[in-house]
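**Student:** One structure follows; several queries about it will come next.
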Amino acid sequence: MNDIRVLLVDDHPVVRAGLRAMLTEFEGISVAAEAADGDAALTELRRLQILGEPVDVVLMDLQMGSGMDGVAATAQIRLLNDAPPVLILTTYDTDADILAAVEAGASGYMLKDAPPEQIHQAVLAAAAGQTALAPRVAALLMGRISNPVPTLTAREIQLLELLATGLSNRAIAKQVFISEATVKTHLVHIYAKLGVDNRTAAIAAATQRRIIRSPGQ
């Protein structure tokens with residue numbers, strides 16, 4: 001049986017070295033290549049396909065400096081012919097990050113502080129076409145399916161993230177191509193769902209509940 005070939009995508013060389021060392025300890029897994037951002041990952045995938053050495057799983061970080069981030073890269077990879085599954089491996093576990101990755105087409109989402117064996121099993125699951133989710137991620141997604149309590153939509157989370165950067169309603173409207181009135185309507189719904197009555201309290205509540213990252217993170 002051939003090894004599962006993994007492409008490591010992370011902007012920190014030390015992290016990539018650690019992941020490589022960990023993965024090569026597991027029987028049946030080999031690291032085919034590494035990349036420091038999404039653009040480099042796409043280049044490596046195309047190069048390996050041309051060589052007839054396709055990748056079985058992409059292990060993808062989310063934030064990678066000024067390069068293409070993990071969400072954008074995941075969406076681009078899923079458009080490729082014979083696209084490999086993308087398994088997110090990150091330190092971020094906010095609702096915004098998780099939902100963005102899932103919507104982009106990630107087949108799994110794991111946290112870097114997970115035990116090595118969990119990451120190993122996640123890679124095996126992704127290679128087999130299965131979903132691999134960290135416990136908090138699984139709980140979030142299941143909660144959104146089964147919980148009757150109103151939850152924030154992906155659009156509302158996006159607006160909250162922009163709100164946390166200090167943008168005005170008008171600036172937010174221009175950035176996401178909707179009217180200022182629509183932004184205000186969304187904010188009314190956001191405030192009601194979070195149990196607050198102003199933008200400062202909404203940002204604080206969303207950060208505390210790990211819906212969005214802390215401003216500046």
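In the structure tokens, each chain is lettered A, B, ... as it comes, each chain's residues begin at 1, and ligands are numbered from 1 in order of appearance.
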Give me every alpha helix (DSSP H) residue in range 50-180 of chain A, going by DSSP on the backbone, as a PyMOL selection string.

**Tutor:** chain A and resi 50+70-77+95-104+116-127+135-146+154-164+169-176+180

**Student:** What parts of range 3-187 of chain A does DSSP call strand (DSSP E)? I'd like the answer as a list in words.

**Tutor:**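 The strand (DSSP E) residues within range 3-187 of chain A come out as Ile4, Arg5, Val6, Leu7, Leu8, Val9, Ile29, Ser30, Val31, Ala32, Ala33, Glu34, Ala35, Val57, Val58, Leu59, Met60, Val86, Leu87, Ile88, Leu89, Thr90, Gly108, Tyr109, Met110, Leu111, Ala132 and Leu133 of chain A.
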
**Student:** Taking into account only C-alpha atoms, which residue in the set A:Gly38, A:Gly166, A:Gly195, A:Pro135 is nearest to Asp93 in chain A?

**Tutor:**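 Nearest candidate to Asp93 in chain A out of A:Gly38, A:Gly166, A:Gly195, A:Pro135: A:Pro135.
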
**Student:** Could you check which of A:Val9, A:Leu42, A:Asn169, A:Leu133 is closest to Gln118 in chain A, using only C-alpha atoms?

**Tutor:**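 Ranking A:Val9, A:Leu42, A:Asn169, A:Leu133 by distance to Gln118 in chain A, first place goes to A:Leu133.
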
**Student:** Which one of A:Asp56, A:Glu161, A:Asp37, A:Asp69 sits closest to Thr207 in chain A if you count only C-alpha atoms?

**Tutor:** A:Glu161

**Student:** Can you tell me, as a ChimeraX atom specification, what residues are no more than 12 Å from Gln63 in chain A when counting only C-alpha atoms, ignoring any on the same chain fewer than 4 positions away?

**Tutor:** /A:9-12,36-38,67-73,88-92,97,101,217

**Student:** Could you save the residues just selected, with C-alpha atoms, as a PDB file, in the first residue's frame?

**Tutor:**
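Saved the output as again-v4.pdb:
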ATOM      1  CA  VAL A   9       1.272  24.557   4.171  1.00  0.00           C
ATOM      2  CA  ASP A  10       2.422  26.886   6.970  1.00  0.00           C
ATOM      3  CA  ASP A  11       4.374  30.136   6.943  1.00  0.00           C
ATOM      4  CA  HIS A  12       6.601  29.169   9.884  1.00  0.00           C
ATOM      5  CA  ALA A  36       4.753  28.835   3.000  1.00  0.00           C
ATOM      6  CA  ASP A  37       1.416  30.235   1.771  1.00  0.00           C
ATOM      7  CA  GLY A  38      -1.565  29.519  -0.413  1.00  0.00           C
ATOM      8  CA  GLY A  67       0.535  35.510   1.462  1.00  0.00           C
ATOM      9  CA  MET A  68      -2.729  33.903   0.393  1.00  0.00           C
ATOM     10  CA  ASP A  69      -4.490  32.667   3.526  1.00  0.00           C
ATOM     11  CA  GLY A  70      -5.778  29.190   4.173  1.00  0.00           C
ATOM     12  CA  VAL A  71      -9.433  29.915   3.429  1.00  0.00           C
ATOM     13  CA  ALA A  72      -8.704  31.463   0.028  1.00  0.00           C
ATOM     14  CA  ALA A  73      -6.216  28.693  -0.779  1.00  0.00           C
ATOM     15  CA  ILE A  88      -7.078  22.764   8.276  1.00  0.00           C
ATOM     16  CA  LEU A  89      -4.530  22.723  11.108  1.00  0.00           C
ATOM     17  CA  THR A  90      -4.505  25.996  13.001  1.00  0.00           C
ATOM     18  CA  THR A  91      -4.445  27.719  16.371  1.00  0.00           C
ATOM     19  CA  TYR A  92      -7.694  29.600  15.673  1.00  0.00           C
ATOM     20  CA  ASP A  97     -12.632  30.936  11.169  1.00  0.00           C
ATOM     21  CA  ALA A 101     -12.989  27.192   6.247  1.00  0.00           C
ATOM     22  CA  GLN A 217      -5.272  39.319  16.664  1.00  0.00           C
TER      23      GLN A 217
END

**Student:** Do you know which residues are at most 12 Å from Ala192 in chain A counting only C-alpha atoms, after dropping those on the same chain fewer than 6 positions away, and could you put them as JSON, numbers by chain?

**Tutor:** {"A": [149, 150, 151, 152, 156, 185, 186, 198, 199, 201, 202, 205]}

**Student:** Quick one: of A:Ile119, A:Val86, A:Leu162, A:Ala126, who's nearest to Val58 in chain A, counting only C-alpha atoms?

**Tutor:**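 So, comparing all the options, the nearest one is A:Val86.
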
**Student:** Counting only C-alpha atoms, figure out which residue out of A:Val14, A:Leu160, A:Arg213, A:Ala35 gets nearest to Thr200 in chain A.

**Tutor:**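 So, comparing all the options, the nearest one is A:Leu160.
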
**Student:** Grab the CA of Ser107 in chain A to CA of Ala132 in chain A distance for me, in Å with one decimal place.

**Tutor:**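 Answer for the CA of Ser107 in chain A to CA of Ala132 in chain A separation: 6.8 Å.
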
**Student:** Go through range 117-142 of chain A and flag each residue having an atom no more than 10 Å from range 3-7 of chain A; for those, report the closest pair of atoms plus their distance in Å to one decimal, using only C-alpha atoms, ordered by chain and rising number, as CSV.

**Tutor:**
residue,atom,partner,partner_atom,distance
A:Val123,CA,A:Val6,CA,8.4
A:Leu124,CA,A:Ile4,CA,7.9
A:Ala127,CA,A:Ile4,CA,7.1
A:Ala128,CA,A:Ile4,CA,9.8

**Student:** Create the file for the chosen residues now, containing N, CA, C and O atoms and written as a short mmCIF file (atom, residue, chain, number, x, y, z; two decimals), in the first residue's frame.

**Tutor:**
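Written output follows (selection.cif):
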data_model
loop_
_atom_site.label_atom_id
_atom_site.label_comp_id
_atom_site.auth_asym_id
_atom_site.auth_seq_id
_atom_site.Cartn_x
_atom_site.Cartn_y
_atom_site.Cartn_z
N VAL A 123 -5.60 12.98 9.42
CA VAL A 123 -5.00 12.85 8.10
C VAL A 123 -5.51 11.58 7.41
O VAL A 123 -5.88 11.60 6.23
N LEU A 124 -5.57 10.48 8.15
CA LEU A 124 -6.08 9.22 7.59
C LEU A 124 -7.54 9.38 7.16
O LEU A 124 -7.94 8.90 6.09
N ALA A 127 -7.79 11.53 3.98
CA ALA A 127 -7.34 10.76 2.81
C ALA A 127 -8.40 9.76 2.37
O ALA A 127 -8.50 9.42 1.18
N ALA A 128 -9.21 9.29 3.31
CA ALA A 128 -10.26 8.31 3.01
C ALA A 128 -11.57 8.98 2.60
O ALA A 128 -12.59 8.30 2.42
#

**Student:** Please report the interatomic distance between CA of Leu62 in chain A and CA of Tyr191 in chain A in Å with one decimal.

**Tutor:**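 Going from CA of Leu62 in chain A over to CA of Tyr191 in chain A covers 28.1 Å.
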
**Student:** Hey, can you check how far CA of Pro85 in chain A sits from CA of Val57 in chain A?

**Tutor:** 5.3 Å

**Student:** With a distance cut-off of 10 Å and only C-alpha atoms, select the neighbouring residues of Met22 in chain A, excluding the residue or stretch itself and same-chain residues fewer than 2 positions from it, and output the selection as a VMD selection string.

**Tutor:** chain A and resid 16 to 20 24 to 26 116 to 117 119 to 120

**Student:** Go ahead and write the residues just picked, all heavy atoms, as a compact mmCIF listing (two decimals), in the first residue's frame.

**Tutor:**
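Dumped everything to selection25.txt:
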# COMPACT_ATOMS: atom_id res chain seq x y z
N ARG A 16 6.61 23.88 10.28
CA ARG A 16 6.62 22.86 9.22
C ARG A 16 7.59 21.72 9.56
O ARG A 16 7.28 20.55 9.35
CB ARG A 16 7.00 23.47 7.87
CG ARG A 16 5.97 24.44 7.31
CD ARG A 16 6.13 24.62 5.80
NE ARG A 16 7.48 25.00 5.42
CZ ARG A 16 7.92 26.26 5.36
NH1 ARG A 16 7.10 27.27 5.67
NH2 ARG A 16 9.15 26.53 4.97
N ALA A 17 8.76 22.08 10.09
CA ALA A 17 9.74 21.06 10.45
C ALA A 17 9.18 20.13 11.54
O ALA A 17 9.37 18.91 11.48
CB ALA A 17 11.03 21.71 10.93
N GLY A 18 8.49 20.74 12.51
CA GLY A 18 7.90 19.93 13.57
C GLY A 18 6.81 19.01 13.06
O GLY A 18 6.73 17.83 13.45
N LEU A 19 5.98 19.54 12.16
CA LEU A 19 4.90 18.71 11.59
C LEU A 19 5.48 17.59 10.73
O LEU A 19 5.00 16.46 10.76
CB LEU A 19 3.97 19.59 10.75
CG LEU A 19 3.07 20.56 11.53
CD1 LEU A 19 2.34 21.49 10.57
CD2 LEU A 19 2.08 19.80 12.40
N ARG A 20 6.49 17.93 9.95
CA ARG A 20 7.14 16.90 9.13
C ARG A 20 7.69 15.78 10.00
O ARG A 20 7.48 14.59 9.71
CB ARG A 20 8.26 17.52 8.29
CG ARG A 20 9.04 16.50 7.48
CD ARG A 20 10.21 17.16 6.74
NE ARG A 20 9.77 17.84 5.56
CZ ARG A 20 9.63 17.29 4.36
NH1 ARG A 20 9.88 15.98 4.21
NH2 ARG A 20 9.23 17.99 3.31
N THR A 24 6.12 11.93 9.77
CA THR A 24 6.96 10.84 9.28
C THR A 24 7.19 9.76 10.32
O THR A 24 7.70 8.68 9.99
CB THR A 24 8.32 11.38 8.79
OG1 THR A 24 8.92 12.18 9.81
CG2 THR A 24 8.15 12.24 7.54
N GLU A 25 6.79 10.04 11.56
CA GLU A 25 6.84 9.01 12.60
C GLU A 25 5.72 8.00 12.42
O GLU A 25 5.78 6.89 12.93
CB GLU A 25 6.74 9.65 13.99
CG GLU A 25 8.00 10.37 14.45
CD GLU A 25 9.14 9.40 14.71
OE1 GLU A 25 8.90 8.37 15.37
OE2 GLU A 25 10.26 9.67 14.24
N PHE A 26 4.67 8.41 11.70
CA PHE A 26 3.51 7.54 11.53
C PHE A 26 3.67 6.68 10.29
O PHE A 26 3.99 7.18 9.20
CB PHE A 26 2.23 8.36 11.42
CG PHE A 26 1.90 9.16 12.65
CD1 PHE A 26 1.71 10.52 12.58
CD2 PHE A 26 1.79 8.53 13.88
CE1 PHE A 26 1.41 11.26 13.72
CE2 PHE A 26 1.49 9.26 15.02
CZ PHE A 26 1.30 10.62 14.94
N PRO A 116 -0.77 14.33 18.94
CA PRO A 116 -0.30 13.84 17.63
C PRO A 116 -1.17 12.73 17.05
O PRO A 116 -1.42 12.71 15.84
CB PRO A 116 1.11 13.34 17.94
CG PRO A 116 1.57 14.19 19.08
CD PRO A 116 0.35 14.41 19.92
N GLU A 117 -1.64 11.82 17.89
CA GLU A 117 -2.44 10.71 17.37
C GLU A 117 -3.76 11.21 16.78
O GLU A 117 -4.26 10.63 15.79
CB GLU A 117 -2.71 9.69 18.47
CG GLU A 117 -3.44 8.43 17.99
CD GLU A 117 -2.73 7.74 16.83
OE1 GLU A 117 -1.48 7.73 16.77
OE2 GLU A 117 -3.44 7.20 15.95
N ILE A 119 -4.16 14.11 15.25
CA ILE A 119 -3.80 14.67 13.95
C ILE A 119 -3.55 13.55 12.95
O ILE A 119 -3.96 13.61 11.79
CB ILE A 119 -2.58 15.59 14.09
CG1 ILE A 119 -2.93 16.80 14.98
CG2 ILE A 119 -2.09 16.06 12.71
CD1 ILE A 119 -1.77 17.70 15.30
N HIS A 120 -2.89 12.50 13.41
CA HIS A 120 -2.64 11.33 12.57
C HIS A 120 -3.96 10.76 12.06
O HIS A 120 -4.13 10.51 10.85
CB HIS A 120 -1.88 10.28 13.38
CG HIS A 120 -1.64 9.00 12.65
ND1 HIS A 120 -1.60 7.77 13.30
CD2 HIS A 120 -1.46 8.72 11.34
CE1 HIS A 120 -1.39 6.82 12.40
NE2 HIS A 120 -1.29 7.37 11.22
